[in-house]
Amino acid sequence: MHESMTASRPAPSILTKTVSMAIKNVVIFGATGYTGLNVVKEAIKQGLNVRTFVRDPEKLPGDLKNKVEPFKGDVLNLDQVRNAIKGEDAVIVALGTRNNVAATTMMSEGMKNICVAMIEHGVKPVSVCLSAFLFFPIEQLPPQFKALTEDHKRMDQVLRKSGLDWIAIYPPHIADQPGTDGKYEVSHEEENSTRFRGRRVSVYDLAHFLVKSISSPEHYRTICGISS
């Protein structure tokens with residue numbers, strides 16, 4: 001049973017449509033988090049029809065509720081993830097644990113479900129917010145971040161094996177500072193290459209790239225460092 005909270009999503013304004021016409025509909029996982037909410041706003045701004053996958057639709061700000069299609073679900077429930085992805089053109093993943101840095105498998109298990117559902121429904125583009133800590137050997141990280149980074153690493157491995165058109169984005173410190181109107185720096189990183197050395201990225205720039213990259217094939221199947 002489809003668990004969407006609304007019958008249909010609002011049509012985007014023609015004046016704001018900047019995303020490739022091949023991608024019209026996107027589902028966003030982690031839509032009520034710090035990064036996720038900004039991704040939702042940016043996707044609307046770029047003219048996409050937005051479905052938000054959330055445990056509690058009431059956590060969506062009031063000014064967004066009539067602009068998106070809220071879908072109630074748990075990322076660990078494969079059937080709910082399947083229903084959310086059905087009919088979409090692309091997926092954006094901004095899963096997080098807020099300020100909890102304890103060991104978890106929620107993000108990587110959720111990523112597995114997302115990839116399974118995408119493959120089943122023939123949806124290929126997916127951009128994923130991970131962490132710049134993945135540029136470093138785990139033993140070099142501050143101890144308090146090692147467990148969380150291990151799950152980011154598992155997410156990354158799931159993506160690489162998926163066969164999807166994935167974009168793995170490794171942001172440094174995500175800052176609440178003004179965006180750069182698309183003038184942020186993006187570096188494609190290959191294994192064993194010089195690590196990207198950006199120190200921080202505006203949450204608005206990060207959201208912009210998470211949305212923009214799903215319709216930009218030059219970023220498919222790449223690791224992207226980003227810096228404002």
# chains A, B, ... in the order shown; residues from 1 in each chain; ligands from 1
call {"tool": "residues_around", "arguments": {"residues": "Tyr34 in chain A", "least_positions_apart": "4", "cutoff": "12 Å", "atoms": "only C-alpha atoms", "output": "MDAnalysis selection string"}}
result
chainID A and resid 30 38:41 59:60 94:99 129 174:176 202:204 206:207
call {"tool": "select_by_dssp", "arguments": {"residues": "range 52-205 of chain A", "states": "helix (DSSP H, G or I)", "output": "MDAnalysis selection string"}}
result
chainID A and resid 57:59 62:65 78:85 106:121 132:135 138:140 143:162 203:205
call {"tool": "atom_distance", "arguments": {"atom1": "CA of Pro125 in chain A", "atom2": "CA of Phe145 in chain A"}}
result
28.8 Å
call {"tool": "residues_around", "arguments": {"residues": "Asn100 in chain A", "least_positions_apart": "5", "cutoff": "12 Å", "atoms": "only C-alpha atoms", "output": "PyMOL selection string"}}
result
chain A and resi 144-145+147-148
call {"tool": "residues_around", "arguments": {"residues": "Asp205 in chain A", "least_positions_apart": "2", "cutoff": "8 Å", "atoms": "only C-alpha atoms", "output": "ChimeraX atom specification"}}
result
/A:179-182,184,201-203,207-209,228
call {"tool": "closest_residue", "arguments": {"among": "A:Ala168, A:Val101, A:Leu78, A:Ile226", "to": "Lys183 in chain A", "atoms": "only C-alpha atoms"}}
result
A:Ile226
call {"tool": "closest_residue", "arguments": {"among": "A:Ser216, A:Asn83, A:Thr105, A:Asn25", "to": "His152 in chain A", "atoms": "only C-alpha atoms"}}
result
A:Thr105
call {"tool": "atom_distance", "arguments": {"atom1": "CA of Glu42 in chain A", "atom2": "CA of Val211 in chain A"}}
result
7.1 Å
call {"tool": "residues_around", "arguments": {"residues": "Met118 in chain A", "least_positions_apart": "6", "cutoff": "9 Å", "atoms": "only C-alpha atoms", "output": "list in words"}}
result
Arg82, Ile85, Lys86, Ala90, Val91, Lys124, Pro125, Val126 and Leu164 of chain A
call {"tool": "write_last_selection", "arguments": {"atoms": "all heavy atoms", "output": "PDB file, in the first residue's frame"}}
result
ATOM      1  N   ARG A  82      10.710   0.794  -1.400  1.00  0.00           N
ATOM      2  CA  ARG A  82      10.276   0.455  -2.762  1.00  0.00           C
ATOM      3  C   ARG A  82       9.132   1.366  -3.211  1.00  0.00           C
ATOM      4  O   ARG A  82       9.147   1.912  -4.317  1.00  0.00           O
ATOM      5  CB  ARG A  82       9.800  -0.996  -2.819  1.00  0.00           C
ATOM      6  CG  ARG A  82      10.874  -2.055  -2.851  1.00  0.00           C
ATOM      7  CD  ARG A  82      10.218  -3.404  -3.089  1.00  0.00           C
ATOM      8  NE  ARG A  82      11.186  -4.477  -3.213  1.00  0.00           N
ATOM      9  CZ  ARG A  82      11.300  -5.494  -2.351  1.00  0.00           C
ATOM     10  NH1 ARG A  82      10.489  -5.549  -1.293  1.00  0.00           N
ATOM     11  NH2 ARG A  82      12.205  -6.427  -2.540  1.00  0.00           N
ATOM     12  N   ILE A  85      10.224   4.980  -3.999  1.00  0.00           N
ATOM     13  CA  ILE A  85      11.057   5.177  -5.188  1.00  0.00           C
ATOM     14  C   ILE A  85      10.277   4.919  -6.480  1.00  0.00           C
ATOM     15  O   ILE A  85      10.626   5.443  -7.542  1.00  0.00           O
ATOM     16  CB  ILE A  85      12.318   4.291  -5.091  1.00  0.00           C
ATOM     17  CG1 ILE A  85      13.241   4.860  -3.998  1.00  0.00           C
ATOM     18  CG2 ILE A  85      13.060   4.190  -6.419  1.00  0.00           C
ATOM     19  CD1 ILE A  85      14.478   4.026  -3.715  1.00  0.00           C
ATOM     20  N   LYS A  86       9.212   4.158  -6.391  1.00  0.00           N
ATOM     21  CA  LYS A  86       8.411   3.848  -7.576  1.00  0.00           C
ATOM     22  C   LYS A  86       7.919   5.129  -8.244  1.00  0.00           C
ATOM     23  O   LYS A  86       7.354   6.012  -7.608  1.00  0.00           O
ATOM     24  CB  LYS A  86       7.215   2.982  -7.187  1.00  0.00           C
ATOM     25  CG  LYS A  86       6.376   2.521  -8.373  1.00  0.00           C
ATOM     26  CD  LYS A  86       5.253   1.610  -7.913  1.00  0.00           C
ATOM     27  CE  LYS A  86       4.427   1.118  -9.101  1.00  0.00           C
ATOM     28  NZ  LYS A  86       3.320   0.224  -8.654  1.00  0.00           N
ATOM     29  N   ALA A  90      14.966  10.010  -9.990  1.00  0.00           N
ATOM     30  CA  ALA A  90      16.265  10.083  -9.329  1.00  0.00           C
ATOM     31  C   ALA A  90      16.065  10.090  -7.824  1.00  0.00           C
ATOM     32  O   ALA A  90      14.954  10.307  -7.329  1.00  0.00           O
ATOM     33  CB  ALA A  90      17.034  11.334  -9.767  1.00  0.00           C
ATOM     34  N   VAL A  91      17.158   9.864  -7.111  1.00  0.00           N
ATOM     35  CA  VAL A  91      17.135   9.780  -5.650  1.00  0.00           C
ATOM     36  C   VAL A  91      18.254  10.646  -5.086  1.00  0.00           C
ATOM     37  O   VAL A  91      19.355  10.703  -5.650  1.00  0.00           O
ATOM     38  CB  VAL A  91      17.325   8.313  -5.184  1.00  0.00           C
ATOM     39  CG1 VAL A  91      17.441   8.237  -3.667  1.00  0.00           C
ATOM     40  CG2 VAL A  91      16.180   7.433  -5.695  1.00  0.00           C
ATOM     41  N   LYS A 124      18.197   5.186 -11.924  1.00  0.00           N
ATOM     42  CA  LYS A 124      19.661   5.077 -11.872  1.00  0.00           C
ATOM     43  C   LYS A 124      20.387   6.220 -11.165  1.00  0.00           C
ATOM     44  O   LYS A 124      21.306   5.984 -10.400  1.00  0.00           O
ATOM     45  CB  LYS A 124      20.228   4.908 -13.286  1.00  0.00           C
ATOM     46  CG  LYS A 124      19.766   3.623 -13.969  1.00  0.00           C
ATOM     47  CD  LYS A 124      20.746   3.147 -15.019  1.00  0.00           C
ATOM     48  CE  LYS A 124      21.992   2.579 -14.389  1.00  0.00           C
ATOM     49  NZ  LYS A 124      22.921   2.003 -15.378  1.00  0.00           N
ATOM     50  N   PRO A 125      20.035   7.500 -11.378  1.00  0.00           N
ATOM     51  CA  PRO A 125      20.830   8.562 -10.739  1.00  0.00           C
ATOM     52  C   PRO A 125      20.570   8.649  -9.241  1.00  0.00           C
ATOM     53  O   PRO A 125      19.418   8.691  -8.803  1.00  0.00           O
ATOM     54  CB  PRO A 125      20.372   9.834 -11.457  1.00  0.00           C
ATOM     55  CG  PRO A 125      19.629   9.380 -12.671  1.00  0.00           C
ATOM     56  CD  PRO A 125      19.040   8.065 -12.307  1.00  0.00           C
ATOM     57  N   VAL A 126      21.642   8.717  -8.460  1.00  0.00           N
ATOM     58  CA  VAL A 126      21.513   8.897  -7.014  1.00  0.00           C
ATOM     59  C   VAL A 126      22.721   9.675  -6.505  1.00  0.00           C
ATOM     60  O   VAL A 126      23.866   9.300  -6.745  1.00  0.00           O
ATOM     61  CB  VAL A 126      21.387   7.544  -6.267  1.00  0.00           C
ATOM     62  CG1 VAL A 126      22.513   6.590  -6.611  1.00  0.00           C
ATOM     63  CG2 VAL A 126      21.280   7.761  -4.761  1.00  0.00           C
ATOM     64  N   LEU A 164      24.611   1.589 -10.204  1.00  0.00           N
ATOM     65  CA  LEU A 164      23.792   2.773 -10.445  1.00  0.00           C
ATOM     66  C   LEU A 164      24.658   3.952 -10.897  1.00  0.00           C
ATOM     67  O   LEU A 164      25.890   3.883 -10.871  1.00  0.00           O
ATOM     68  CB  LEU A 164      23.061   3.146  -9.156  1.00  0.00           C
ATOM     69  CG  LEU A 164      22.103   2.093  -8.594  1.00  0.00           C
ATOM     70  CD1 LEU A 164      21.628   2.496  -7.197  1.00  0.00           C
ATOM     71  CD2 LEU A 164      20.915   1.867  -9.526  1.00  0.00           C
TER      72      LEU A 164
END
call {"tool": "closest_residue", "arguments": {"among": "A:Arg51, A:Arg160, A:Lys146, A:Arg200", "to": "Glu185 in chain A", "atoms": "only C-alpha atoms"}}
result
A:Arg200
call {"tool": "residues_around", "arguments": {"residues": "Leu64 in chain A", "least_positions_apart": "3", "cutoff": "10 Å", "atoms": "only C-alpha atoms", "output": "PDB file with N, CA, C and O atoms, in the first residue's frame"}}
result
ATOM      1  N   LEU A  37      16.810  19.255   4.732  1.00  0.00           N
ATOM      2  CA  LEU A  37      15.827  20.324   4.550  1.00  0.00           C
ATOM      3  C   LEU A  37      16.290  21.326   3.493  1.00  0.00           C
ATOM      4  O   LEU A  37      15.489  21.827   2.697  1.00  0.00           O
ATOM      5  N   VAL A  40      15.767  19.775   0.102  1.00  0.00           N
ATOM      6  CA  VAL A  40      14.365  19.885  -0.303  1.00  0.00           C
ATOM      7  C   VAL A  40      14.093  21.269  -0.892  1.00  0.00           C
ATOM      8  O   VAL A  40      13.512  21.409  -1.985  1.00  0.00           O
ATOM      9  N   LYS A  41      14.519  22.320  -0.198  1.00  0.00           N
ATOM     10  CA  LYS A  41      14.292  23.687  -0.670  1.00  0.00           C
ATOM     11  C   LYS A  41      14.984  23.921  -2.007  1.00  0.00           C
ATOM     12  O   LYS A  41      14.432  24.574  -2.904  1.00  0.00           O
ATOM     13  N   ILE A  44      13.152  22.140  -4.912  1.00  0.00           N
ATOM     14  CA  ILE A  44      11.976  22.918  -5.298  1.00  0.00           C
ATOM     15  C   ILE A  44      12.408  24.120  -6.133  1.00  0.00           C
ATOM     16  O   ILE A  44      11.821  24.422  -7.183  1.00  0.00           O
ATOM     17  N   LEU A  60       8.202  18.277   8.850  1.00  0.00           N
ATOM     18  CA  LEU A  60       8.428  19.175   7.721  1.00  0.00           C
ATOM     19  C   LEU A  60       7.908  20.563   8.090  1.00  0.00           C
ATOM     20  O   LEU A  60       6.800  20.698   8.600  1.00  0.00           O
ATOM     21  N   PRO A  61       8.686  21.605   7.823  1.00  0.00           N
ATOM     22  CA  PRO A  61       8.204  22.960   8.104  1.00  0.00           C
ATOM     23  C   PRO A  61       6.911  23.257   7.356  1.00  0.00           C
ATOM     24  O   PRO A  61       6.695  22.766   6.235  1.00  0.00           O
ATOM     25  N   LYS A  67       4.296  22.129  -0.848  1.00  0.00           N
ATOM     26  CA  LYS A  67       5.182  22.187  -2.009  1.00  0.00           C
ATOM     27  C   LYS A  67       5.812  20.836  -2.334  1.00  0.00           C
ATOM     28  O   LYS A  67       6.509  20.705  -3.344  1.00  0.00           O
ATOM     29  N   VAL A  68       5.613  19.856  -1.465  1.00  0.00           N
ATOM     30  CA  VAL A  68       6.223  18.541  -1.653  1.00  0.00           C
ATOM     31  C   VAL A  68       5.169  17.458  -1.444  1.00  0.00           C
ATOM     32  O   VAL A  68       4.054  17.736  -0.983  1.00  0.00           O
ATOM     33  N   GLU A  69       5.546  16.238  -1.754  1.00  0.00           N
ATOM     34  CA  GLU A  69       4.714  15.077  -1.463  1.00  0.00           C
ATOM     35  C   GLU A  69       5.348  14.327  -0.297  1.00  0.00           C
ATOM     36  O   GLU A  69       6.323  13.598  -0.476  1.00  0.00           O
ATOM     37  N   PRO A  70       4.845  14.489   0.911  1.00  0.00           N
ATOM     38  CA  PRO A  70       5.416  13.756   2.045  1.00  0.00           C
ATOM     39  C   PRO A  70       5.091  12.271   1.946  1.00  0.00           C
ATOM     40  O   PRO A  70       3.960  11.894   1.642  1.00  0.00           O
TER      41      PRO A  70
END
call {"tool": "atom_distance", "arguments": {"atom1": "CA of Gln46 in chain A", "atom2": "CA of Leu76 in chain A"}}
result
29.0 Å
call {"tool": "select_by_dssp", "arguments": {"residues": "range 52-182 of chain A", "states": "strand (DSSP E)", "output": "list in words"}}
result
Thr52, Phe53, Val54, Glu69, Pro70, Phe71, Lys72, Ala90, Val91, Ile92, Val93, Pro125, Val126, Ser127, Val128, Cys129, Asp165, Trp166, Ile167, Ala168, Ile169, Tyr170, His173, Ile174 and Ala175 of chain A
call {"tool": "write_last_selection", "arguments": {"atoms": "N, CA and C atoms", "output": "compact mmCIF listing (two decimals), in the first residue's frame"}}
result
# COMPACT_ATOMS: atom_id res chain seq x y z
N THR A 52 9.31 13.63 -0.27
CA THR A 52 10.18 13.57 0.90
C THR A 52 9.88 12.31 1.69
N PHE A 53 10.89 11.49 1.88
CA PHE A 53 10.75 10.25 2.65
C PHE A 53 11.12 10.56 4.09
N VAL A 54 10.13 10.49 4.97
CA VAL A 54 10.34 10.90 6.37
C VAL A 54 9.60 9.97 7.32
N GLU A 69 5.55 16.24 -1.75
CA GLU A 69 4.71 15.08 -1.46
C GLU A 69 5.35 14.33 -0.30
N PRO A 70 4.85 14.49 0.91
CA PRO A 70 5.42 13.76 2.05
C PRO A 70 5.09 12.27 1.95
N PHE A 71 6.09 11.45 2.21
CA PHE A 71 5.90 10.00 2.19
C PHE A 71 6.41 9.46 3.52
N LYS A 72 5.52 8.89 4.30
CA LYS A 72 5.89 8.39 5.62
C LYS A 72 6.49 7.00 5.51
N ALA A 90 14.97 10.01 -9.99
CA ALA A 90 16.27 10.08 -9.33
C ALA A 90 16.07 10.09 -7.82
N VAL A 91 17.16 9.86 -7.11
CA VAL A 91 17.14 9.78 -5.65
C VAL A 91 18.25 10.65 -5.09
N ILE A 92 17.97 11.33 -3.98
CA ILE A 92 19.00 12.06 -3.23
C ILE A 92 18.99 11.53 -1.80
N VAL A 93 20.17 11.22 -1.28
CA VAL A 93 20.28 10.63 0.05
C VAL A 93 21.07 11.56 0.96
N PRO A 125 20.03 7.50 -11.38
CA PRO A 125 20.83 8.56 -10.74
C PRO A 125 20.57 8.65 -9.24
N VAL A 126 21.64 8.72 -8.46
CA VAL A 126 21.51 8.90 -7.01
C VAL A 126 22.72 9.68 -6.51
N SER A 127 22.46 10.78 -5.83
CA SER A 127 23.53 11.53 -5.18
C SER A 127 23.43 11.29 -3.68
N VAL A 128 24.60 11.14 -3.04
CA VAL A 128 24.62 10.74 -1.64
C VAL A 128 25.59 11.62 -0.87
N CYS A 129 25.12 12.16 0.25
CA CYS A 129 25.97 12.95 1.13
C CYS A 129 26.67 12.02 2.11
N ASP A 165 24.01 5.02 -11.31
CA ASP A 165 24.73 6.26 -11.64
C ASP A 165 24.87 7.10 -10.37
N TRP A 166 25.79 6.65 -9.51
CA TRP A 166 25.92 7.26 -8.19
C TRP A 166 26.91 8.43 -8.21
N ILE A 167 26.65 9.36 -7.32
CA ILE A 167 27.60 10.45 -7.04
C ILE A 167 27.83 10.42 -5.54
N ALA A 168 29.05 10.11 -5.12
CA ALA A 168 29.40 10.05 -3.70
C ALA A 168 30.05 11.38 -3.32
N ILE A 169 29.37 12.17 -2.51
CA ILE A 169 29.84 13.50 -2.17
C ILE A 169 30.42 13.47 -0.76
N TYR A 170 31.69 13.89 -0.64
CA TYR A 170 32.41 13.86 0.63
C TYR A 170 32.58 15.29 1.15
N HIS A 173 33.49 20.08 6.86
CA HIS A 173 32.57 20.68 7.82
C HIS A 173 31.45 21.41 7.07
N ILE A 174 30.20 21.08 7.40
CA ILE A 174 29.04 21.70 6.74
C ILE A 174 28.65 22.92 7.55
N ALA A 175 28.80 24.09 6.96
CA ALA A 175 28.66 25.34 7.69
C ALA A 175 27.38 26.08 7.32
call {"tool": "decode", "arguments": {"residues": "range 83-195 of chain A", "atoms": "C-alpha atoms", "output": "short mmCIF file (atom, residue, chain, number, x, y, z; two decimals), in the first residue's frame"}}
result
data_model
loop_
_atom_site.label_atom_id
_atom_site.label_comp_id
_atom_site.auth_asym_id
_atom_site.auth_seq_id
_atom_site.Cartn_x
_atom_site.Cartn_y
_atom_site.Cartn_z
CA ASN A 83 6.97 2.33 -2.71
CA ALA A 84 8.70 5.66 -2.24
CA ILE A 85 11.06 5.18 -5.19
CA LYS A 86 8.41 3.85 -7.58
CA GLY A 87 7.72 6.40 -10.29
CA GLU A 88 10.70 8.61 -9.48
CA ASP A 89 13.47 9.64 -11.87
CA ALA A 90 16.27 10.08 -9.33
CA VAL A 91 17.14 9.78 -5.65
CA ILE A 92 19.00 12.06 -3.23
CA VAL A 93 20.28 10.63 0.05
CA ALA A 94 21.05 12.85 3.04
CA LEU A 95 20.72 10.28 5.79
CA GLY A 96 22.25 11.22 9.11
CA THR A 97 22.20 10.66 12.84
CA ARG A 98 22.01 14.34 13.81
CA ASN A 99 24.47 14.78 16.70
CA ASN A 100 24.67 11.12 17.60
CA VAL A 101 28.12 9.74 16.68
CA ALA A 102 27.61 6.29 18.23
CA ALA A 103 28.14 3.12 16.21
CA THR A 104 25.30 2.46 13.79
CA THR A 105 24.37 0.45 10.72
CA MET A 106 21.20 2.44 9.99
CA MET A 107 22.67 4.50 7.17
CA SER A 108 24.37 1.62 5.36
CA GLU A 109 21.40 -0.74 5.77
CA GLY A 110 19.14 2.03 4.52
CA MET A 111 21.49 2.59 1.58
CA LYS A 112 21.22 -1.11 0.70
CA ASN A 113 17.43 -0.85 0.63
CA ILE A 114 17.56 2.27 -1.51
CA CYS A 115 19.88 0.62 -4.04
CA VAL A 116 17.78 -2.55 -4.18
CA ALA A 117 14.63 -0.53 -4.81
CA MET A 118 16.29 1.68 -7.42
CA ILE A 119 17.51 -1.35 -9.34
CA GLU A 120 14.07 -2.98 -9.20
CA HIS A 121 12.36 0.17 -10.51
CA GLY A 122 15.02 1.03 -13.09
CA VAL A 123 15.95 4.34 -11.41
CA LYS A 124 19.66 5.08 -11.87
CA PRO A 125 20.83 8.56 -10.74
CA VAL A 126 21.51 8.90 -7.01
CA SER A 127 23.53 11.53 -5.18
CA VAL A 128 24.62 10.74 -1.64
CA CYS A 129 25.97 12.95 1.13
CA LEU A 130 28.80 11.13 2.94
CA SER A 131 31.81 12.66 4.72
CA ALA A 132 35.27 14.04 3.97
CA PHE A 133 36.54 11.76 6.74
CA LEU A 134 36.45 9.04 4.06
CA PHE A 135 39.47 10.68 2.45
CA PHE A 136 41.54 9.66 5.49
CA PRO A 137 42.63 6.28 6.89
CA ILE A 138 40.29 5.40 9.73
CA GLU A 139 43.16 5.28 12.25
CA GLN A 140 43.89 9.00 11.60
CA LEU A 141 40.42 10.17 12.58
CA PRO A 142 39.39 11.65 15.94
CA PRO A 143 38.28 8.64 18.02
CA GLN A 144 34.74 9.94 18.53
CA PHE A 145 34.07 9.94 14.77
CA LYS A 146 35.47 6.53 13.87
CA ALA A 147 32.29 4.49 14.42
CA LEU A 148 30.11 6.85 12.39
CA THR A 149 32.70 7.00 9.62
CA GLU A 150 32.74 3.20 9.44
CA ASP A 151 29.05 3.29 8.50
CA HIS A 152 29.70 6.00 5.92
CA LYS A 153 32.36 3.70 4.52
CA ARG A 154 29.85 0.85 4.31
CA MET A 155 27.44 3.18 2.49
CA ASP A 156 30.20 4.08 0.05
CA GLN A 157 30.93 0.42 -0.63
CA VAL A 158 27.25 -0.31 -1.28
CA LEU A 159 27.16 2.52 -3.82
CA ARG A 160 30.28 1.38 -5.66
CA LYS A 161 28.90 -2.13 -6.09
CA SER A 162 25.40 -1.04 -7.11
CA GLY A 163 25.87 -0.40 -10.83
CA LEU A 164 23.79 2.77 -10.45
CA ASP A 165 24.73 6.26 -11.64
CA TRP A 166 25.92 7.26 -8.19
CA ILE A 167 27.60 10.45 -7.04
CA ALA A 168 29.40 10.05 -3.70
CA ILE A 169 29.84 13.50 -2.17
CA TYR A 170 32.41 13.86 0.63
CA PRO A 171 31.76 17.23 2.31
CA PRO A 172 34.09 18.68 4.94
CA HIS A 173 32.57 20.68 7.82
CA ILE A 174 29.04 21.70 6.74
CA ALA A 175 28.66 25.34 7.69
CA ASP A 176 25.61 27.56 8.08
CA GLN A 177 27.08 30.29 5.92
CA PRO A 178 25.88 31.94 2.70
CA GLY A 179 26.18 29.96 -0.51
CA THR A 180 28.35 31.00 -3.44
CA ASP A 181 25.70 31.03 -6.19
CA GLY A 182 27.17 27.93 -7.78
CA LYS A 183 30.81 29.07 -7.52
CA TYR A 184 31.86 26.41 -5.05
CA GLU A 185 34.70 24.01 -5.91
CA VAL A 186 34.17 20.37 -6.82
CA SER A 187 37.02 17.89 -7.24
CA HIS A 188 36.64 14.37 -8.60
CA GLU A 189 38.73 12.05 -6.48
CA GLU A 190 40.00 8.67 -7.59
CA GLU A 191 41.41 6.07 -5.22
CA ASN A 192 44.97 6.88 -4.14
CA SER A 193 44.74 10.41 -5.51
CA THR A 194 45.65 13.55 -3.58
CA ARG A 195 42.86 14.09 -1.11
#
